[in-house]
Amino acid sequence: MLRHSLIAALGFVFLTIPAFDAKAEGALDVAPTGTLRVAVAVGPAASAFWTTRDPATGKPRGVTVELAKAAADKLHVPLQLVEYQSSDEIAAASSKDLWDLSFMPADVKREQFVDQGPAYVAYMSGYLVRAGSDIRVVADVDRAGMRVGCIEGTSTSRTVERSLKQAKLTKFMKPEEAAELIGKGQLDALAMGMGALEDLSRKLPGTKVLDEVIQSTGVVVVVPKGKVAAKAWAAHFLDEAKADGTVRRALDGNGFTSDKVAP
């Protein structure tokens, strides 16, 4: 009788202990406010990294937005997009508790601010040249009198700054300003990611994207520095997103059908 009572009591104890909820635990680690805040870079042209504004809603749209939605769905929490003008701006805000998760081209400089996870796509940068330009190859860009633009706070801007010796380089805080100037012929070349340049070239008749790549890296998932559990969750999420086709659908749905998913 005593034995049966003891078993019954133990059974009651086990039944009253809440089951471990992995999703709730993950949500607490990654989105402690109860909302997943994903930082995105908004610019004038889309790429596997850059988002653009939906003309109907004014909200960001693009590959990283689709990945942000998938992450929030996985955690079963609402999504909030936090907008910035460059990767460096996102990284610099990481210590201010303004965002929980983001995506950006891998870059050594940013490792002091963020912890980087795996890449979901290769990211290559190059040059867009103005309509009527005599620039045919990358070597033609670095000449006296050439006006070259790049976006402040990007890994591409640092690559271009190191490589140019004679051309005049201007860094733009707002990508839209650079796009407007090259469209008007007031810049000879603009350095950005290839995807964004190809999108921009379609909007600016006569401009051309050079074939040569000036920088190649991967677009990685990142979390603010020191968030160990969040980094582990983000890495697992992205690996799953690559394996189950989420990344492929995000790329294809935004027109980047030729971009290859990173292994």
# chains A, B, ... in the order shown; residues from 1 in each chain; ligands from 1

$ select_by_dssp --residues "stretch 33-148 of chain A" --states "strand (DSSP E)" --output "MDAnalysis selection string"
chainID A and resid 36:41 52:53 60:61 79:84 101:105 114:129 147:148

$ residues_around --residues "A:Gln215" --least-positions-apart "2" --cutoff "10 Å" --atoms "only C-alpha atoms" --output "PyMOL selection string"
chain A and resi 123-126+155-156+159-160+192-194+212-213+217

$ closest_residue --among "A:His76, A:Phe256, A:Val42, A:Ser86" --to "A:Asp199" --atoms "only C-alpha atoms"
A:Phe256

$ residues_around --residues "A:Ala106" --least-positions-apart "2" --cutoff "6 Å" --atoms "only C-alpha atoms" --output "JSON, numbers by chain"
{"A": [218, 219, 220]}

$ atom_distance --atom1 "atom CA of A:Asp29" --atom2 "atom CA of A:Ala229"
6.1 Å

$ residues_around --residues "A:Ala46" --least-positions-apart "6" --cutoff "10 Å" --atoms "only C-alpha atoms" --output "PyMOL selection string"
chain A and resi 52-53+61-63+193-200+254-256

$ select_by_dssp --residues "stretch 164-195 of chain A" --states "alpha helix (DSSP H)" --output "VMD selection string"
chain A and resid 175 to 183 194 to 195

$ write_last_selection --atoms "all heavy atoms" --output "PDB file, in the first residue's frame"
ATOM      1  N   PRO A 175      22.955  55.693 -49.675  1.00  0.00           N
ATOM      2  CA  PRO A 175      23.140  55.065 -50.987  1.00  0.00           C
ATOM      3  C   PRO A 175      22.335  55.747 -52.092  1.00  0.00           C
ATOM      4  O   PRO A 175      22.762  55.774 -53.247  1.00  0.00           O
ATOM      5  CB  PRO A 175      22.643  53.624 -50.755  1.00  0.00           C
ATOM      6  CG  PRO A 175      22.797  53.404 -49.292  1.00  0.00           C
ATOM      7  CD  PRO A 175      22.520  54.723 -48.647  1.00  0.00           C
ATOM      8  N   GLU A 176      21.185  56.291 -51.720  1.00  0.00           N
ATOM      9  CA  GLU A 176      20.334  56.958 -52.720  1.00  0.00           C
ATOM     10  C   GLU A 176      21.046  58.141 -53.380  1.00  0.00           C
ATOM     11  O   GLU A 176      20.850  58.414 -54.563  1.00  0.00           O
ATOM     12  CB  GLU A 176      19.029  57.455 -52.065  1.00  0.00           C
ATOM     13  CG  GLU A 176      18.111  56.355 -51.585  1.00  0.00           C
ATOM     14  CD  GLU A 176      18.493  55.802 -50.219  1.00  0.00           C
ATOM     15  OE1 GLU A 176      19.490  56.296 -49.629  1.00  0.00           O
ATOM     16  OE2 GLU A 176      17.804  54.875 -49.754  1.00  0.00           O
ATOM     17  N   GLU A 177      21.890  58.855 -52.618  1.00  0.00           N
ATOM     18  CA  GLU A 177      22.617  60.000 -53.165  1.00  0.00           C
ATOM     19  C   GLU A 177      23.613  59.559 -54.228  1.00  0.00           C
ATOM     20  O   GLU A 177      23.748  60.192 -55.284  1.00  0.00           O
ATOM     21  CB  GLU A 177      23.341  60.751 -52.045  1.00  0.00           C
ATOM     22  CG  GLU A 177      22.414  61.435 -51.053  1.00  0.00           C
ATOM     23  CD  GLU A 177      23.174  62.114 -49.933  1.00  0.00           C
ATOM     24  OE1 GLU A 177      24.432  62.021 -49.920  1.00  0.00           O
ATOM     25  OE2 GLU A 177      22.534  62.735 -49.077  1.00  0.00           O
ATOM     26  N   ALA A 178      24.313  58.460 -53.947  1.00  0.00           N
ATOM     27  CA  ALA A 178      25.285  57.939 -54.909  1.00  0.00           C
ATOM     28  C   ALA A 178      24.590  57.475 -56.180  1.00  0.00           C
ATOM     29  O   ALA A 178      25.056  57.732 -57.296  1.00  0.00           O
ATOM     30  CB  ALA A 178      26.058  56.787 -54.288  1.00  0.00           C
ATOM     31  N   ALA A 179      23.454  56.798 -56.011  1.00  0.00           N
ATOM     32  CA  ALA A 179      22.698  56.317 -57.172  1.00  0.00           C
ATOM     33  C   ALA A 179      22.218  57.481 -58.034  1.00  0.00           C
ATOM     34  O   ALA A 179      22.270  57.428 -59.267  1.00  0.00           O
ATOM     35  CB  ALA A 179      21.507  55.491 -56.700  1.00  0.00           C
ATOM     36  N   GLU A 180      21.771  58.544 -57.387  1.00  0.00           N
ATOM     37  CA  GLU A 180      21.288  59.715 -58.130  1.00  0.00           C
ATOM     38  C   GLU A 180      22.412  60.371 -58.927  1.00  0.00           C
ATOM     39  O   GLU A 180      22.236  60.742 -60.095  1.00  0.00           O
ATOM     40  CB  GLU A 180      20.688  60.730 -57.155  1.00  0.00           C
ATOM     41  CG  GLU A 180      20.118  61.970 -57.843  1.00  0.00           C
ATOM     42  CD  GLU A 180      19.539  62.977 -56.867  1.00  0.00           C
ATOM     43  OE1 GLU A 180      19.532  62.713 -55.644  1.00  0.00           O
ATOM     44  OE2 GLU A 180      19.102  64.051 -57.333  1.00  0.00           O
ATOM     45  N   LEU A 181      23.595  60.482 -58.323  1.00  0.00           N
ATOM     46  CA  LEU A 181      24.711  61.149 -58.992  1.00  0.00           C
ATOM     47  C   LEU A 181      25.243  60.353 -60.183  1.00  0.00           C
ATOM     48  O   LEU A 181      25.576  60.933 -61.222  1.00  0.00           O
ATOM     49  CB  LEU A 181      25.838  61.427 -58.001  1.00  0.00           C
ATOM     50  CG  LEU A 181      25.557  62.516 -56.960  1.00  0.00           C
ATOM     51  CD1 LEU A 181      26.769  62.743 -56.080  1.00  0.00           C
ATOM     52  CD2 LEU A 181      25.162  63.831 -57.642  1.00  0.00           C
ATOM     53  N   ILE A 182      25.329  59.031 -60.052  1.00  0.00           N
ATOM     54  CA  ILE A 182      25.823  58.270 -61.203  1.00  0.00           C
ATOM     55  C   ILE A 182      24.785  58.256 -62.307  1.00  0.00           C
ATOM     56  O   ILE A 182      25.111  58.228 -63.493  1.00  0.00           O
ATOM     57  CB  ILE A 182      26.255  56.837 -60.816  1.00  0.00           C
ATOM     58  CG1 ILE A 182      27.154  56.263 -61.921  1.00  0.00           C
ATOM     59  CG2 ILE A 182      25.066  55.933 -60.544  1.00  0.00           C
ATOM     60  CD1 ILE A 182      27.980  55.083 -61.514  1.00  0.00           C
ATOM     61  N   GLY A 183      23.516  58.325 -61.935  1.00  0.00           N
ATOM     62  CA  GLY A 183      22.461  58.425 -62.937  1.00  0.00           C
ATOM     63  C   GLY A 183      22.526  59.731 -63.712  1.00  0.00           C
ATOM     64  O   GLY A 183      22.186  59.780 -64.895  1.00  0.00           O
ATOM     65  N   MET A 194      27.493  43.314 -56.371  1.00  0.00           N
ATOM     66  CA  MET A 194      27.094  43.070 -57.757  1.00  0.00           C
ATOM     67  C   MET A 194      25.579  43.028 -57.935  1.00  0.00           C
ATOM     68  O   MET A 194      25.035  43.559 -58.900  1.00  0.00           O
ATOM     69  CB  MET A 194      27.708  41.767 -58.262  1.00  0.00           C
ATOM     70  CG  MET A 194      29.196  41.853 -58.551  1.00  0.00           C
ATOM     71  SD  MET A 194      29.524  42.930 -59.967  1.00  0.00           S
ATOM     72  CE  MET A 194      31.169  42.376 -60.441  1.00  0.00           C
ATOM     73  N   GLY A 195      24.887  42.379 -56.996  1.00  0.00           N
ATOM     74  CA  GLY A 195      23.437  42.279 -57.116  1.00  0.00           C
ATOM     75  C   GLY A 195      22.770  43.641 -57.129  1.00  0.00           C
ATOM     76  O   GLY A 195      21.874  43.912 -57.949  1.00  0.00           O
TER      77      GLY A 195
END

$ atom_distance --atom1 "atom CA of A:Lys171" --atom2 "atom CA of A:Lys184"
17.1 Å

$ closest_residue --among "A:Gly117, A:Pro60, A:Gly34, A:Gly43" --to "A:Lys231" --atoms "only C-alpha atoms"
A:Gly117

$ closest_residue --among "A:Leu67, A:Leu81, A:Leu210, A:Val114" --to "A:Gly245" --atoms "only C-alpha atoms"
A:Leu67
